[in-house]
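Next comes entry.cif, a file with mmCIF, N, CA and C atoms.
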data_data
loop_
_atom_site.label_atom_id
_atom_site.label_comp_id
_atom_site.auth_asym_id
_atom_site.auth_seq_id
_atom_site.Cartn_x
_atom_site.Cartn_y
_atom_site.Cartn_z
N MET U 1 41.62 16.06 47.89
CA MET U 1 41.95 15.19 48.98
C MET U 1 43.00 15.90 49.84
N PRO U 2 42.69 16.11 51.10
CA PRO U 2 43.63 16.84 51.97
C PRO U 2 44.77 15.95 52.45
N GLN U 3 45.82 16.58 52.95
CA GLN U 3 46.94 15.83 53.49
C GLN U 3 46.58 15.20 54.83
N THR U 4 45.75 15.90 55.60
CA THR U 4 45.30 15.37 56.88
C THR U 4 44.00 14.61 56.65
N VAL U 5 43.99 13.35 57.01
CA VAL U 5 42.87 12.47 56.69
C VAL U 5 41.81 12.51 57.79
N THR U 6 40.58 12.69 57.37
CA THR U 6 39.44 12.61 58.28
C THR U 6 38.68 11.33 57.97
N SER U 7 37.70 11.01 58.78
CA SER U 7 36.93 9.78 58.54
C SER U 7 36.23 9.84 57.19
N TYR U 8 35.81 11.03 56.77
CA TYR U 8 35.19 11.18 55.46
C TYR U 8 36.12 10.66 54.37
N TRP U 9 37.36 11.10 54.38
CA TRP U 9 38.31 10.72 53.34
C TRP U 9 38.75 9.27 53.47
N LYS U 10 38.79 8.74 54.68
CA LYS U 10 39.12 7.32 54.87
C LYS U 10 38.08 6.43 54.21
N ASP U 11 36.84 6.89 54.17
CA ASP U 11 35.78 6.12 53.53
C ASP U 11 35.86 6.20 52.01
N ILE U 12 36.51 7.21 51.49
CA ILE U 12 36.61 7.44 50.05
C ILE U 12 37.77 6.67 49.41
N ILE U 13 38.90 6.64 50.12
CA ILE U 13 40.13 6.12 49.51
C ILE U 13 40.95 5.38 50.56
N ASN U 14 41.54 4.26 50.16
CA ASN U 14 42.34 3.50 51.11
C ASN U 14 43.70 4.18 51.34
N ASP U 15 44.40 3.76 52.38
CA ASP U 15 45.65 4.42 52.77
C ASP U 15 46.71 4.36 51.67
N GLU U 16 46.83 3.22 51.02
CA GLU U 16 47.85 3.08 49.97
C GLU U 16 47.59 4.05 48.81
N ASP U 17 46.34 4.09 48.34
CA ASP U 17 46.00 5.01 47.26
C ASP U 17 46.11 6.47 47.71
N ARG U 18 45.75 6.74 48.94
CA ARG U 18 45.85 8.10 49.46
C ARG U 18 47.30 8.58 49.43
N ILE U 19 48.21 7.73 49.83
CA ILE U 19 49.63 8.09 49.82
C ILE U 19 50.08 8.38 48.38
N THR U 20 49.62 7.57 47.45
CA THR U 20 49.97 7.74 46.04
C THR U 20 49.42 9.05 45.47
N TRP U 21 48.18 9.39 45.81
CA TRP U 21 47.49 10.49 45.14
C TRP U 21 47.52 11.84 45.86
N THR U 22 47.83 11.88 47.13
CA THR U 22 47.72 13.13 47.88
C THR U 22 48.51 14.27 47.25
N ASN U 23 49.75 14.04 46.89
CA ASN U 23 50.58 15.10 46.31
C ASN U 23 50.79 14.93 44.81
N ALA U 24 49.95 14.14 44.19
CA ALA U 24 50.04 13.92 42.75
C ALA U 24 49.44 15.11 42.00
N LEU U 25 49.86 15.29 40.77
CA LEU U 25 49.38 16.39 39.93
C LEU U 25 47.86 16.48 39.93
N ALA U 26 47.19 15.36 39.79
CA ALA U 26 45.72 15.35 39.68
C ALA U 26 45.03 15.91 40.91
N ASN U 27 45.65 15.78 42.06
CA ASN U 27 45.02 16.22 43.31
C ASN U 27 45.39 17.65 43.68
N LEU U 28 46.28 18.25 42.95
CA LEU U 28 46.71 19.61 43.27
C LEU U 28 45.91 20.62 42.47
N THR U 29 45.66 21.76 43.08
CA THR U 29 44.97 22.83 42.38
C THR U 29 45.45 24.17 42.92
N LEU U 30 45.11 25.22 42.22
CA LEU U 30 45.51 26.55 42.63
C LEU U 30 44.39 27.18 43.47
N LEU U 31 44.77 27.69 44.63
CA LEU U 31 43.82 28.35 45.51
C LEU U 31 44.47 29.57 46.13
N SER U 32 43.68 30.58 46.37
CA SER U 32 44.17 31.70 47.16
C SER U 32 44.32 31.21 48.60
N MET U 33 45.08 31.92 49.40
CA MET U 33 45.26 31.52 50.79
C MET U 33 43.91 31.49 51.51
N ARG U 34 43.08 32.47 51.22
CA ARG U 34 41.76 32.54 51.86
C ARG U 34 40.92 31.31 51.49
N LYS U 35 40.90 30.95 50.23
CA LYS U 35 40.13 29.79 49.78
C LYS U 35 40.69 28.51 50.39
N ASN U 36 42.00 28.39 50.47
CA ASN U 36 42.63 27.21 51.04
C ASN U 36 42.24 27.04 52.51
N ILE U 37 42.21 28.12 53.24
CA ILE U 37 41.79 28.08 54.64
C ILE U 37 40.32 27.67 54.75
N GLN U 38 39.49 28.17 53.84
CA GLN U 38 38.06 27.84 53.87
C GLN U 38 37.81 26.36 53.68
N VAL U 39 38.55 25.72 52.79
CA VAL U 39 38.25 24.33 52.44
C VAL U 39 39.07 23.32 53.22
N SER U 40 40.25 23.64 53.61
CA SER U 40 41.21 22.78 54.31
C SER U 40 40.91 21.29 54.18
N ASN U 41 40.41 20.65 55.22
CA ASN U 41 40.18 19.19 55.22
C ASN U 41 38.72 18.83 55.03
N ASP U 42 37.96 19.70 54.42
CA ASP U 42 36.53 19.52 54.28
C ASP U 42 36.19 18.40 53.30
N THR U 43 34.92 18.06 53.22
CA THR U 43 34.46 17.04 52.28
C THR U 43 34.56 17.58 50.85
N PHE U 44 34.55 16.68 49.89
CA PHE U 44 34.63 17.10 48.50
C PHE U 44 33.44 17.97 48.12
N GLU U 45 32.27 17.61 48.59
CA GLU U 45 31.07 18.40 48.27
C GLU U 45 31.21 19.83 48.77
N ASN U 46 31.70 20.00 49.99
CA ASN U 46 31.87 21.35 50.54
C ASN U 46 32.98 22.12 49.84
N LYS U 47 34.01 21.41 49.41
CA LYS U 47 35.08 22.07 48.66
C LYS U 47 34.54 22.60 47.33
N LYS U 48 33.71 21.80 46.65
CA LYS U 48 33.13 22.25 45.39
C LYS U 48 32.30 23.52 45.59
N ILE U 49 31.53 23.55 46.64
CA ILE U 49 30.71 24.74 46.94
C ILE U 49 31.62 25.95 47.17
N ALA U 50 32.67 25.75 47.92
CA ALA U 50 33.60 26.85 48.21
C ALA U 50 34.31 27.33 46.96
N TYR U 51 34.67 26.41 46.07
CA TYR U 51 35.35 26.80 44.84
C TYR U 51 34.43 27.65 43.97
N GLN U 52 33.14 27.35 44.00
CA GLN U 52 32.18 28.09 43.18
C GLN U 52 31.93 29.47 43.77
N ASP U 53 31.62 29.50 45.05
CA ASP U 53 31.33 30.79 45.68
C ASP U 53 31.02 30.55 47.15
N LYS U 54 31.86 31.05 47.99
CA LYS U 54 31.63 31.00 49.43
C LYS U 54 32.12 32.32 49.98
N ASP U 55 31.30 32.96 50.76
CA ASP U 55 31.63 34.29 51.28
C ASP U 55 31.83 35.27 50.14
N ASN U 56 31.10 35.04 49.04
CA ASN U 56 31.17 35.91 47.87
C ASN U 56 32.56 36.01 47.27
N VAL U 57 33.37 34.98 47.48
CA VAL U 57 34.71 34.94 46.89
C VAL U 57 34.81 33.67 46.06
N ARG U 58 34.78 33.81 44.77
CA ARG U 58 34.89 32.68 43.85
C ARG U 58 36.36 32.48 43.50
N SER U 59 36.75 31.23 43.35
CA SER U 59 38.12 30.96 42.94
C SER U 59 38.37 31.64 41.60
N ARG U 60 39.53 32.24 41.46
CA ARG U 60 39.88 32.93 40.22
C ARG U 60 40.57 32.01 39.22
N PHE U 61 40.81 30.80 39.61
CA PHE U 61 41.59 29.89 38.78
C PHE U 61 40.69 28.89 38.05
N ASN U 62 40.74 28.91 36.72
CA ASN U 62 39.95 27.96 35.93
C ASN U 62 40.33 26.52 36.24
N LEU U 63 41.58 26.30 36.54
CA LEU U 63 42.05 24.96 36.89
C LEU U 63 41.29 24.42 38.10
N THR U 64 41.02 25.29 39.04
CA THR U 64 40.25 24.90 40.23
C THR U 64 38.79 24.75 39.90
N LEU U 65 38.25 25.64 39.10
CA LEU U 65 36.83 25.57 38.76
C LEU U 65 36.51 24.32 37.94
N ASP U 66 37.48 23.78 37.23
CA ASP U 66 37.27 22.54 36.47
C ASP U 66 36.88 21.38 37.39
N ILE U 67 37.31 21.41 38.62
CA ILE U 67 37.03 20.33 39.56
C ILE U 67 35.54 20.22 39.84
N ILE U 68 34.82 21.31 39.69
CA ILE U 68 33.39 21.34 39.98
C ILE U 68 32.62 20.34 39.13
N GLN U 69 33.13 20.00 37.96
CA GLN U 69 32.42 19.07 37.08
C GLN U 69 32.36 17.65 37.63
N TYR U 70 33.22 17.32 38.58
CA TYR U 70 33.26 15.96 39.12
C TYR U 70 32.19 15.77 40.20
N ASP U 71 31.58 14.58 40.20
CA ASP U 71 30.57 14.26 41.21
C ASP U 71 31.19 13.72 42.49
N LYS U 72 32.35 13.13 42.36
CA LYS U 72 33.06 12.59 43.52
C LYS U 72 34.55 12.72 43.28
N TRP U 73 35.35 12.40 44.28
CA TRP U 73 36.79 12.55 44.17
C TRP U 73 37.44 11.28 44.69
N ASP U 74 37.68 10.36 43.78
CA ASP U 74 38.33 9.11 44.13
C ASP U 74 39.38 8.79 43.07
N THR U 75 39.95 7.61 43.11
CA THR U 75 41.06 7.30 42.20
C THR U 75 40.66 7.37 40.73
N LYS U 76 39.44 6.99 40.40
CA LYS U 76 39.00 7.06 39.00
C LYS U 76 39.02 8.52 38.51
N GLU U 77 38.47 9.41 39.31
CA GLU U 77 38.44 10.83 38.93
C GLU U 77 39.85 11.42 38.91
N LEU U 78 40.67 10.99 39.85
CA LEU U 78 42.05 11.48 39.87
C LEU U 78 42.81 11.06 38.62
N GLU U 79 42.62 9.82 38.20
CA GLU U 79 43.27 9.35 36.97
C GLU U 79 42.77 10.14 35.76
N THR U 80 41.47 10.38 35.70
CA THR U 80 40.91 11.16 34.59
C THR U 80 41.49 12.56 34.58
N ARG U 81 41.51 13.20 35.73
CA ARG U 81 42.01 14.58 35.80
C ARG U 81 43.50 14.63 35.46
N GLU U 82 44.26 13.65 35.93
CA GLU U 82 45.69 13.64 35.62
C GLU U 82 45.91 13.58 34.11
N ASN U 83 45.17 12.73 33.43
CA ASN U 83 45.29 12.62 31.96
C ASN U 83 44.94 13.95 31.28
N ILE U 84 43.89 14.60 31.74
CA ILE U 84 43.49 15.89 31.17
C ILE U 84 44.57 16.94 31.39
N LEU U 85 45.12 16.98 32.59
CA LEU U 85 46.16 17.97 32.90
C LEU U 85 47.44 17.72 32.11
N VAL U 86 47.81 16.48 31.94
CA VAL U 86 49.01 16.16 31.16
C VAL U 86 48.84 16.63 29.72
N VAL U 87 47.67 16.40 29.15
CA VAL U 87 47.40 16.87 27.78
C VAL U 87 47.50 18.39 27.72
N LYS U 88 46.91 19.09 28.68
CA LYS U 88 46.96 20.56 28.70
C LYS U 88 48.39 21.07 28.84
N ILE U 89 49.16 20.44 29.70
CA ILE U 89 50.55 20.84 29.89
C ILE U 89 51.35 20.62 28.61
N ASN U 90 51.17 19.47 27.99
CA ASN U 90 51.89 19.18 26.74
C ASN U 90 51.52 20.16 25.63
N GLU U 91 50.24 20.55 25.58
CA GLU U 91 49.82 21.54 24.57
C GLU U 91 50.50 22.88 24.81
N LYS U 92 50.62 23.28 26.05
CA LYS U 92 51.24 24.58 26.37
C LYS U 92 52.74 24.55 26.16
N LEU U 93 53.36 23.46 26.52
CA LEU U 93 54.82 23.37 26.39
C LEU U 93 55.25 23.06 24.97
N ASP U 94 54.39 22.37 24.25
CA ASP U 94 54.66 22.01 22.85
C ASP U 94 56.02 21.35 22.71
N LEU U 95 56.30 20.37 23.56
CA LEU U 95 57.60 19.70 23.57
C LEU U 95 57.78 18.70 22.43
N PHE U 96 56.69 18.22 21.89
CA PHE U 96 56.81 17.13 20.94
C PHE U 96 56.57 17.56 19.49
N ASN U 97 56.61 18.83 19.23
CA ASN U 97 56.45 19.33 17.85
C ASN U 97 57.69 20.04 17.39
#
Kindly present the structure from the file in structure tokens form.
Amino acid sequence: MPQTVTSYWKDIINDEDRITWTNALANLTLLSMRKNIQVSNDTFENKKIAYQDKDNVRSRFNLTLDIIQYDKWDTKELETRENILVVKINEKLDLFN
């Protein structure tokens, strides 16, 4: 979900949820500058295509490639992804052992 809202994204998520999720962990991913420019405010479907391979440049980040598994990008998927990322972070940091 981009910071700049287009009509596509307005149809996906309401303003209140968009404000909550735009800069949330679940909505953030790692991209090269080139990839970020390619996808900017595009639709989720086009972003997925770009993450896989666009201009023969595939994202090098597994964290970004994980997004490809989602069929859509709305609050349900954001909540799911946030839970997955929190588990991964906790496993790496090992704070509770």
Expand the PyMOL selection byres (((chain U and resi 71 and name CA) around 12) and name CA) into the explicit residue set it covers here, and present it as an MDAnalysis selection string.
chainID U and resid 44:49 66:70 72:74 76:78
When you draw a straight line from atom C of U:Ser40 to atom CA of U:Ala24, how long is it in Å?
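Calculated distance between atom C of U:Ser40 and atom CA of U:Ala24 is 16.4 Å.
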Selection near U:Arg81, 8 Å with only N, CA and C atoms, sequence-local residues under 6 positions removed, as an NGL selection string:
:U and (25-27 or 75 or 87)
Have a look at atom N of U:Ile13 and atom CA of U:Gln52 and let me know their distance in Å, one decimal.
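Taking atom N of U:Ile13 as the start and atom CA of U:Gln52 as the end point, the length is 23.5 Å.
Pairwise distance (atom CA of U:Thr4, atom C of U:Ala50) equals 19.0 Å.
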Nearest to U:Asn62 among U:Leu30, U:Asp11, U:Glu16, U:Val39, with distances taken over only N, CA and C atoms: which residue is it?
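Using only N, CA and C atoms, U:Asn62 sits closest to U:Leu30.
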Minimum-distance residue to U:Asn14, chosen among U:Met1, U:Leu65, U:Leu93, U:Leu85 (using only C-alpha atoms):
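Nearest candidate to U:Asn14 out of U:Met1, U:Leu65, U:Leu93, U:Leu85: U:Met1.
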Test item, helix (DSSP H, G or I) assignment across chain U, answer as a ChimeraX atom specification
/U:7-12,15-21,25-27,33-39,44-52,62-69,75-93
Have a look at U:Thr80, U:Val5, U:Val86, U:Lys92 and name the one nearest to U:Asp42; count only C-alpha atoms.
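The answer is U:Val5, which sits nearest to U:Asp42.
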Test item: the PyMOL selection byres (((chain U and resi 60 and name CA) around 12) and name CA) resolved as a PyMOL selection string
chain U and resi 29-35+50-53+56-59+61-66
Shortest interatomic distance to U:Trp21 - which of U:Ile89, U:Glu79, U:Ser7, U:Asn36, counting only C-alpha atoms
U:Glu79
